[in-house]
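What follows is coords.txt (compact mmCIF, C-alpha atoms).
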```
# COMPACT_ATOMS: atom_id res chain seq x y z
CA MET A 258 -54.37 25.40 1.09
CA ALA A 259 -51.69 27.94 1.91
CA THR A 260 -51.80 31.26 0.08
CA MET A 261 -48.75 31.90 -2.09
CA PHE A 262 -47.40 35.38 -2.75
CA TYR A 263 -45.38 36.19 -5.86
CA ASP A 264 -43.50 39.09 -7.45
CA LYS A 265 -46.71 40.99 -8.15
CA ASP A 266 -47.44 41.03 -4.41
CA GLY A 267 -44.15 42.69 -3.42
CA ASP A 268 -43.29 46.36 -3.90
CA LEU A 269 -39.55 47.06 -4.04
CA SER A 270 -40.18 50.80 -3.89
CA LEU A 271 -40.93 50.39 -0.17
CA LEU A 272 -37.18 49.88 0.27
CA ASN A 273 -36.33 53.15 -1.47
CA GLY A 274 -34.45 55.45 0.85
CA LYS A 275 -34.01 52.70 3.44
CA THR A 276 -30.80 51.04 4.58
CA ILE A 277 -30.72 47.29 5.16
CA ALA A 278 -28.16 46.03 7.65
CA VAL A 279 -27.40 42.35 7.25
CA ILE A 280 -25.82 41.09 10.45
CA GLY A 281 -23.48 38.25 9.57
CA TYR A 282 -21.96 37.29 6.23
CA GLY A 283 -22.05 33.51 6.19
CA SER A 284 -24.10 31.25 3.93
CA GLN A 285 -27.42 33.09 4.30
CA GLY A 286 -25.89 36.50 5.03
CA HIS A 287 -23.97 36.81 1.80
CA ALA A 288 -26.96 35.61 -0.24
CA HIS A 289 -29.45 38.02 1.35
CA ALA A 290 -27.04 40.93 1.10
CA LEU A 291 -25.96 40.43 -2.50
CA ASN A 292 -29.45 39.59 -3.78
CA ALA A 293 -30.93 42.67 -2.11
CA LYS A 294 -28.06 44.81 -3.44
CA ASP A 295 -28.64 43.49 -6.95
CA SER A 296 -32.34 44.37 -6.54
CA GLY A 297 -31.38 48.00 -5.97
CA ALA A 298 -31.52 48.17 -2.17
CA LYS A 299 -28.88 49.91 -0.07
CA VAL A 300 -27.17 47.19 1.97
CA ILE A 301 -24.52 47.39 4.67
CA ILE A 302 -22.96 44.55 6.64
CA GLY A 303 -22.60 44.32 10.41
CA LEU A 304 -19.80 42.08 11.70
CA HIS A 305 -17.93 41.59 14.96
CA PRO A 306 -14.35 42.90 15.19
CA GLY A 307 -11.88 40.54 13.55
CA SER A 308 -14.51 38.68 11.54
CA LYS A 309 -13.01 36.54 8.80
CA SER A 310 -15.94 37.50 6.59
CA ALA A 311 -15.11 41.21 6.51
CA GLU A 312 -12.67 41.07 3.60
CA LYS A 313 -15.03 38.86 1.60
CA ALA A 314 -17.90 41.31 2.08
CA LYS A 315 -15.70 44.24 1.10
CA ALA A 316 -14.50 42.36 -1.98
CA ASP A 317 -18.16 41.88 -2.90
CA GLY A 318 -18.59 45.65 -2.88
CA LEU A 319 -20.34 45.99 0.46
CA GLU A 320 -19.66 48.43 3.29
CA VAL A 321 -18.69 46.67 6.52
CA LEU A 322 -19.32 48.19 9.94
CA SER A 323 -19.50 46.99 13.49
CA VAL A 324 -22.84 45.44 14.41
CA ALA A 325 -23.69 48.42 16.61
CA ASP A 326 -22.85 51.01 13.94
CA ALA A 327 -24.66 49.08 11.21
CA THR A 328 -27.77 48.90 13.41
CA LYS A 329 -27.64 52.63 14.12
CA GLN A 330 -27.71 53.40 10.40
CA ALA A 331 -30.31 50.82 9.43
CA ASP A 332 -34.03 50.98 8.82
CA VAL A 333 -34.12 47.19 8.37
CA VAL A 334 -31.92 44.90 10.45
CA MET A 335 -31.74 41.26 9.33
CA ILE A 336 -30.02 39.01 11.89
CA LEU A 337 -28.22 36.16 10.12
CA VAL A 338 -25.66 35.04 12.69
CA PRO A 339 -26.10 31.50 14.10
CA ASP A 340 -29.07 30.94 16.43
CA THR A 341 -26.72 30.23 19.32
CA LYS A 342 -25.11 33.69 19.03
CA GLN A 343 -28.14 35.82 18.28
CA ALA A 344 -29.27 36.56 21.83
CA ASP A 345 -25.85 37.88 22.91
CA VAL A 346 -25.34 39.87 19.70
CA TYR A 347 -28.80 41.37 20.09
CA ALA A 348 -28.33 42.25 23.78
CA ASN A 349 -24.89 43.78 23.32
CA ASP A 350 -25.02 45.50 19.95
CA ILE A 351 -28.43 45.48 18.25
CA GLY A 352 -31.07 46.14 20.90
CA PRO A 353 -29.46 49.30 22.32
CA ASN A 354 -29.09 50.78 18.83
CA LEU A 355 -32.41 50.00 17.12
CA LYS A 356 -34.19 53.05 15.76
CA PRO A 357 -37.89 53.43 16.64
CA GLY A 358 -40.00 52.44 13.65
CA SER A 359 -37.31 50.25 12.15
CA MET A 360 -37.81 46.61 11.25
CA LEU A 361 -35.99 43.76 12.99
CA MET A 362 -35.84 40.63 10.84
CA PHE A 363 -34.97 36.98 11.23
CA ALA A 364 -34.64 33.98 8.91
CA HIS A 365 -35.58 31.53 11.69
CA GLY A 366 -37.95 32.10 14.57
CA PHE A 367 -36.07 30.25 17.35
CA ASN A 368 -34.91 33.19 19.46
CA ILE A 369 -38.18 35.10 19.24
CA HIS A 370 -40.42 32.09 19.75
CA TYR A 371 -38.49 30.81 22.77
CA GLY A 372 -38.07 34.22 24.35
CA GLN A 373 -34.32 34.61 23.99
CA ILE A 374 -34.81 37.98 22.28
CA THR A 375 -37.53 40.44 23.31
CA PRO A 376 -37.64 43.44 20.96
CA PRO A 377 -39.05 46.80 22.07
CA ALA A 378 -42.66 47.56 21.20
CA ASN A 379 -41.75 50.40 18.82
CA VAL A 380 -40.19 48.26 16.08
CA ASP A 381 -41.61 45.85 13.52
CA VAL A 382 -40.49 42.23 13.91
CA THR A 383 -40.73 40.00 10.86
CA MET A 384 -39.22 36.88 9.36
CA VAL A 385 -38.30 36.04 5.78
CA ALA A 386 -36.96 32.49 5.59
CA PRO A 387 -35.76 31.13 2.24
CA LYS A 388 -36.23 27.37 2.13
CA ALA A 389 -32.75 26.64 0.78
CA PRO A 390 -29.11 26.95 1.86
CA GLY A 391 -27.63 30.38 1.27
CA HIS A 392 -25.38 29.38 -1.62
CA ARG A 393 -28.46 28.04 -3.42
CA VAL A 394 -30.42 31.23 -2.69
CA ARG A 395 -27.65 33.17 -4.40
CA GLU A 396 -27.13 30.76 -7.31
CA VAL A 397 -30.73 30.61 -8.46
CA PHE A 398 -31.16 34.37 -8.02
CA LYS A 399 -28.25 35.01 -10.39
CA ASP A 400 -29.88 32.60 -12.84
CA GLY A 401 -33.05 34.71 -12.80
CA ALA A 402 -35.07 32.38 -10.57
CA GLY A 403 -35.67 32.20 -6.82
CA THR A 404 -36.12 29.87 -3.89
CA PRO A 405 -39.46 29.52 -2.07
CA GLY A 406 -39.69 31.30 1.26
CA LEU A 407 -41.76 31.93 4.35
CA LEU A 408 -42.99 35.27 5.67
CA ALA A 409 -44.13 35.94 9.24
CA VAL A 410 -45.03 39.05 11.20
CA HIS A 411 -44.46 38.86 14.95
CA GLN A 412 -44.89 42.57 15.73
CA ASN A 413 -46.49 45.26 13.56
CA ALA A 414 -45.53 48.52 15.23
CA THR A 415 -45.74 50.67 12.10
CA GLY A 416 -48.75 49.03 10.49
CA ASN A 417 -46.58 48.33 7.43
CA ALA A 418 -44.62 45.28 8.60
CA LYS A 419 -46.12 42.75 6.20
CA ALA A 420 -45.73 44.96 3.13
CA LEU A 421 -42.13 45.81 3.98
CA GLY A 422 -41.38 42.18 4.75
CA MET A 423 -42.82 41.22 1.37
CA ALA A 424 -40.62 43.84 -0.30
CA TYR A 425 -37.59 42.28 1.37
CA ALA A 426 -38.69 38.80 0.24
CA LYS A 427 -38.92 40.14 -3.31
CA ALA A 428 -35.50 41.78 -3.04
CA ILE A 429 -33.81 38.48 -2.21
CA GLY A 430 -35.75 36.56 -4.88
CA CYS A 431 -38.19 34.51 -2.83
CA THR A 432 -41.30 35.93 -4.49
CA ARG A 433 -40.02 34.62 -7.83
CA ALA A 434 -40.72 31.10 -6.57
CA GLY A 435 -43.49 31.83 -4.06
CA VAL A 436 -43.79 32.92 -0.43
CA ILE A 437 -46.09 31.35 2.16
CA GLU A 438 -47.34 33.41 5.10
CA THR A 439 -46.78 31.68 8.44
CA THR A 440 -46.06 32.52 12.08
CA PHE A 441 -42.87 32.46 14.13
CA LYS A 442 -44.34 29.58 16.12
CA GLU A 443 -45.23 27.48 13.10
CA GLU A 444 -41.94 28.08 11.29
CA THR A 445 -39.83 27.34 14.36
CA GLU A 446 -41.62 24.20 15.47
CA THR A 447 -41.99 22.66 12.02
CA ASP A 448 -38.40 23.52 11.11
CA LEU A 449 -36.99 21.87 14.23
CA PHE A 450 -39.27 18.87 13.81
CA GLY A 451 -38.28 18.37 10.19
CA GLU A 452 -34.57 18.65 10.99
CA GLN A 453 -34.76 16.20 13.86
CA THR A 454 -37.10 13.55 12.46
CA ILE A 455 -36.23 13.50 8.75
CA LEU A 456 -33.72 15.88 7.24
CA CYS A 457 -30.83 15.55 9.69
CA GLY A 458 -31.66 13.15 12.51
CA GLY A 459 -34.01 10.63 10.94
CA VAL A 460 -32.21 10.04 7.68
CA THR A 461 -28.76 9.77 9.27
CA GLY A 462 -30.10 7.42 11.93
CA LEU A 463 -31.61 5.14 9.28
CA ILE A 464 -28.41 5.21 7.23
CA ARG A 465 -26.24 4.30 10.22
CA ALA A 466 -28.59 1.53 11.36
CA ALA A 467 -28.87 -0.01 7.89
CA PHE A 468 -25.13 0.18 7.19
CA GLU A 469 -24.19 -1.30 10.54
CA THR A 470 -26.75 -4.12 10.15
CA LEU A 471 -25.23 -5.19 6.84
CA VAL A 472 -21.63 -4.95 8.07
CA LYS A 473 -22.43 -6.88 11.23
CA ALA A 474 -23.99 -9.60 9.07
CA GLY A 475 -20.70 -9.97 7.18
CA TYR A 476 -21.29 -7.94 4.04
CA GLN A 477 -18.51 -5.77 2.64
CA PRO A 478 -18.60 -2.21 4.06
CA GLU A 479 -18.11 -0.79 0.56
CA VAL A 480 -21.18 -2.61 -0.77
CA ALA A 481 -23.16 -1.60 2.31
CA TYR A 482 -22.14 2.03 1.74
CA PHE A 483 -23.41 2.05 -1.82
CA GLU A 484 -26.72 0.46 -0.87
CA CYS A 485 -27.41 2.54 2.24
CA MET A 486 -25.78 5.92 1.50
CA HIS A 487 -24.70 6.49 -2.08
CA GLU A 488 -27.95 5.53 -3.77
CA LEU A 489 -30.01 7.71 -1.45
CA LYS A 490 -29.45 10.70 -3.74
CA LEU A 491 -31.17 8.88 -6.60
CA ILE A 492 -34.30 8.42 -4.49
CA VAL A 493 -34.24 11.94 -3.05
CA ASP A 494 -34.01 13.40 -6.55
CA LEU A 495 -37.09 11.42 -7.59
CA LEU A 496 -38.99 12.59 -4.50
CA TYR A 497 -37.91 16.17 -5.15
CA GLN A 498 -39.09 16.05 -8.76
CA GLY A 499 -42.41 14.28 -8.38
CA GLY A 500 -43.22 13.31 -4.81
CA LEU A 501 -43.83 9.83 -3.43
CA SER A 502 -45.86 8.70 -6.42
CA TYR A 503 -43.14 9.53 -8.92
CA MET A 504 -40.54 7.72 -6.82
CA TRP A 505 -42.69 4.58 -6.63
CA TYR A 506 -43.36 4.84 -10.37
CA SER A 507 -39.63 5.06 -11.12
CA VAL A 508 -38.32 2.13 -9.06
CA SER A 509 -38.80 -1.58 -9.76
CA ASP A 510 -41.91 -3.43 -8.63
CA THR A 511 -39.73 -5.45 -6.27
CA ALA A 512 -38.38 -2.28 -4.66
CA GLU A 513 -41.87 -0.81 -4.50
CA TYR A 514 -43.38 -3.89 -2.82
CA GLY A 515 -40.52 -4.23 -0.34
CA GLY A 516 -40.66 -0.52 0.33
CA TYR A 517 -44.35 -0.67 1.17
CA VAL A 518 -43.97 -3.63 3.53
CA VAL A 519 -40.90 -2.45 5.43
CA GLY A 520 -41.82 1.23 5.15
CA ASP A 521 -45.07 0.51 6.97
CA GLN A 522 -43.14 -1.28 9.73
CA VAL A 523 -40.75 1.66 10.15
CA GLU A 524 -43.60 4.17 10.07
CA ASN A 525 -45.51 2.30 12.78
CA MET A 526 -42.40 2.14 14.97
CA VAL A 527 -41.58 5.84 14.77
CA LYS A 528 -44.99 7.55 14.90
CA GLU A 529 -45.18 7.48 18.69
CA GLU A 530 -41.56 8.59 18.95
CA PHE A 531 -42.21 11.45 16.54
CA ALA A 532 -45.15 12.61 18.63
CA GLY A 533 -42.83 12.77 21.62
CA VAL A 534 -40.26 14.74 19.63
CA LEU A 535 -42.91 17.25 18.60
CA ASN A 536 -44.12 17.62 22.19
CA LYS A 537 -40.59 18.47 23.35
CA ILE A 538 -40.35 21.11 20.65
CA GLN A 539 -43.78 22.58 21.38
CA ASP A 540 -43.36 22.80 25.16
CA GLY A 541 -39.86 24.26 24.92
CA THR A 542 -38.01 21.28 26.40
CA PHE A 543 -35.70 20.90 23.40
CA ALA A 544 -34.96 24.63 23.30
CA ARG A 545 -34.13 24.73 27.02
CA GLU A 546 -31.87 21.70 26.69
CA TRP A 547 -30.04 23.15 23.69
CA ILE A 548 -29.64 26.60 25.23
CA ALA A 549 -28.24 25.03 28.41
CA GLU A 550 -25.90 22.82 26.37
CA VAL A 551 -24.46 25.86 24.58
CA LYS A 552 -24.10 27.91 27.78
CA ASN A 553 -22.26 25.03 29.47
CA GLY A 554 -19.68 24.74 26.71
CA ARG A 555 -21.37 21.94 24.71
CA PRO A 556 -20.17 19.01 26.87
CA ASN A 557 -22.42 16.51 25.09
CA PHE A 558 -22.55 18.04 21.64
CA ILE A 559 -18.81 18.13 20.91
CA PRO A 560 -18.03 14.48 21.84
CA ARG A 561 -21.09 13.35 19.87
CA ARG A 562 -19.96 15.33 16.85
CA ASN A 563 -16.52 13.78 17.06
CA ARG A 564 -17.94 10.26 17.26
CA GLU A 565 -20.03 10.91 14.15
CA HIS A 566 -16.98 11.94 12.16
CA ASN A 567 -15.10 8.78 13.12
CA LEU A 568 -17.68 6.17 12.12
CA LEU A 569 -16.72 3.33 9.80
CA ILE A 570 -19.26 4.52 7.24
CA GLU A 571 -17.48 7.88 7.13
CA GLU A 572 -14.08 6.27 6.56
CA VAL A 573 -15.38 3.91 3.88
CA GLY A 574 -17.46 6.59 2.22
CA ALA A 575 -14.62 9.12 2.05
CA ASN A 576 -12.37 6.59 0.35
CA LEU A 577 -15.04 5.60 -2.17
CA ARG A 578 -15.98 9.19 -2.95
CA ASP A 579 -12.32 9.96 -3.68
CA MET A 580 -12.52 7.28 -6.39
CA MET A 581 -15.44 9.09 -8.07
CA PRO A 582 -14.11 12.49 -9.22
CA PHE A 583 -17.42 13.34 -10.89
CA LEU A 584 -18.94 13.77 -7.42
CA ASN A 585 -16.78 16.77 -6.55
CA ALA A 586 -16.36 15.06 -3.18
CA LYS A 587 -15.89 17.12 -0.01
CA ARG A 588 -13.76 16.42 3.05
CA ILE A 589 -13.83 18.52 6.18
CA LYS A 590 -11.21 18.93 8.87
CA GLN A 591 -12.89 18.35 12.21
CA ASP A 592 -11.46 20.20 15.22
CA ALA A 593 -12.11 17.98 18.23
CA SER A 594 -12.37 21.00 20.53
CA SER A 595 -14.58 23.06 18.27
CA GLY A 596 -18.16 23.89 19.10
CA SER A 597 -18.73 25.76 15.85
```

Let me see whether you can do it: turn the structure in this file into structure tokens.
Amino acid sequence: MATMFYDKDGDLSLLNGKTIAVIGYGSQGHAHALNAKDSGAKVIIGLHPGSKSAEKAKADGLEVLSVADATKQADVVMILVPDTKQADVYANDIGPNLKPGSMLMFAHGFNIHYGQITPPANVDVTMVAPKAPGHRVREVFKDGAGTPGLLAVHQNATGNAKALGMAYAKAIGCTRAGVIETTFKEETETDLFGEQTILCGGVTGLIRAAFETLVKAGYQPEVAYFECMHELKLIVDLLYQGGLSYMWYSVSDTAEYGGYVVGDQVENMVKEEFAGVLNKIQDGTFAREWIAEVKNGRPNFIPRRNREHNLLIEEVGANLRDMMPFLNAKRIKQDASSGS
């Protein structure tokens, strides 16, 4: 069993007299910065010139500097810009300005694990990764709770990296819910695997396949949408609250029996595929492919994104969600040329 760390294991006084520079002010950036500020830490924000987030950060009562200047002032530098931008931001603005003995932090291990960023030997390198979107990290913190998180130490130059990392985890609220110690390798590989096989790739692939099967067989797209997309939240909520057993307990016997039979078929079909996915993550193949895709201007990613946003299920679903105001439905404007 993993060891969990809680509030009693973190010492906020280790942040006294230190300046935390949060690089980026998006979903995670604003949550980390404001939670740490509310915990009594001194926080500054590092942003690129012309950043749209600058005014928001200032309105939230935070000092905004260039990334280079924020790094120069900081004892703790948390990089929270997108993975695809971190290596360039580090090379141009962070690396040349890191103070010896400072701590470089990440919320995802991708760039360290796959060698896109190589910090100097005289700094601590740690990771604190809340297991929730940034808006949720902020919401539950303000409510007096926290989101679970992960802590990893990649480099312990000062001998105090773990303790300081734990103090940071406490400052942003993760120790309220529990923090698991891990490694950059484990966090990166499991995170990518989960995204690809279940959370983002697997579930959307199953939804598309099921919806298209019903529509091709002549069923109404609206009915297919409700069965294959809309009701998914009901099942996910049950899983979230009580695991597989609680979900099976809550559905009908017919659903449970059919779920066992077909679920076993699906599981048997994908296990070998999943092993291949994990191998590509472990040996770096996926990382190399993605890094090359980004450097080449995303020639495959952007057309694929555009196709996804123009599926029949998206058209049908958007119309149905507009008829259900209680959902607080969202629509996004997709820029066909955008890689962001």

Polymer residues at most 9 Å from A:Val346, all atoms listed in the file, same-chain spacing of 5 or more positions, as a PyMOL selection string: chain A and resi 305+324+338+351-352

Show me, as a PyMOL selection string, the residues that have an atom within 12 Å of A:Lys427 when counting only C-alpha atoms, minus same-chain residues fewer than 3 positions from it. chain A and resi 262-272+289+292-298+385-387+398+402-408+420-424+430-436

List as a PDB file with C-alpha atoms, in the frame of the given file the protein and nucleic acid residues near A:Val300, meaning an atom at most 7 Å away when only C-alpha atoms are counted, but skip any in the same chain fewer than 4 places from it.
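To be explicit, this is the file written out as around_16.pdb:
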```pdb
ATOM      1  CA  THR A 276     -30.800  51.040   4.580  1.00  0.00           C
ATOM      2  CA  ILE A 277     -30.720  47.290   5.160  1.00  0.00           C
ATOM      3  CA  ALA A 278     -28.160  46.030   7.650  1.00  0.00           C
ATOM      4  CA  ALA A 290     -27.040  40.930   1.100  1.00  0.00           C
ATOM      5  CA  LYS A 294     -28.060  44.810  -3.440  1.00  0.00           C
TER       6      LYS A 294
END
```

Shortest interatomic distance to A:Val573 - which of A:Tyr497, A:Trp547, A:Phe558, A:Phe468, counting all atoms listed in the file: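 Looking only at the distances to A:Val573, the closest residue turns out to be A:Phe468.
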
Might you pull out every residue within 8 Å of stretch 442-457 of chain A, with all atoms listed in the file counted and same-chain residues fewer than 6 positions away left off, and present them as a PyMOL selection string? chain A and resi 365-367+370+407+531+534-535+538-539

Centre, edges in Å (one decimal): axis-aligned box, stretch 266-276 of chain A, 5 Å padding on all six sides, as AutoDock Vina command-line options:
```
--center_x -39.1 --center_y 48.2 --center_z 0.1 --size_x 26.6 --size_y 24.4 --size_z 19.0
```

Between A:Thr415, A:Gln330, A:Asn354, A:Asn585, which residue has the minimum interatomic distance to A:Thr383, considering all atoms listed in the file?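 Nearest to A:Thr383: A:Thr415.
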
Between A:Val518, A:Ala474, A:Ile369, A:Ile374, single out the one closest to A:Ala344, counting only C-alpha atoms.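 Using only C-alpha atoms, A:Ala344 sits closest to A:Ile374.
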
Could you jot down the atom CA of A:Leu355 to atom CA of A:Gln343 separation for me, Å, one decimal place?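 About the pair atom CA of A:Leu355 and atom CA of A:Gln343: they are 14.9 Å apart.
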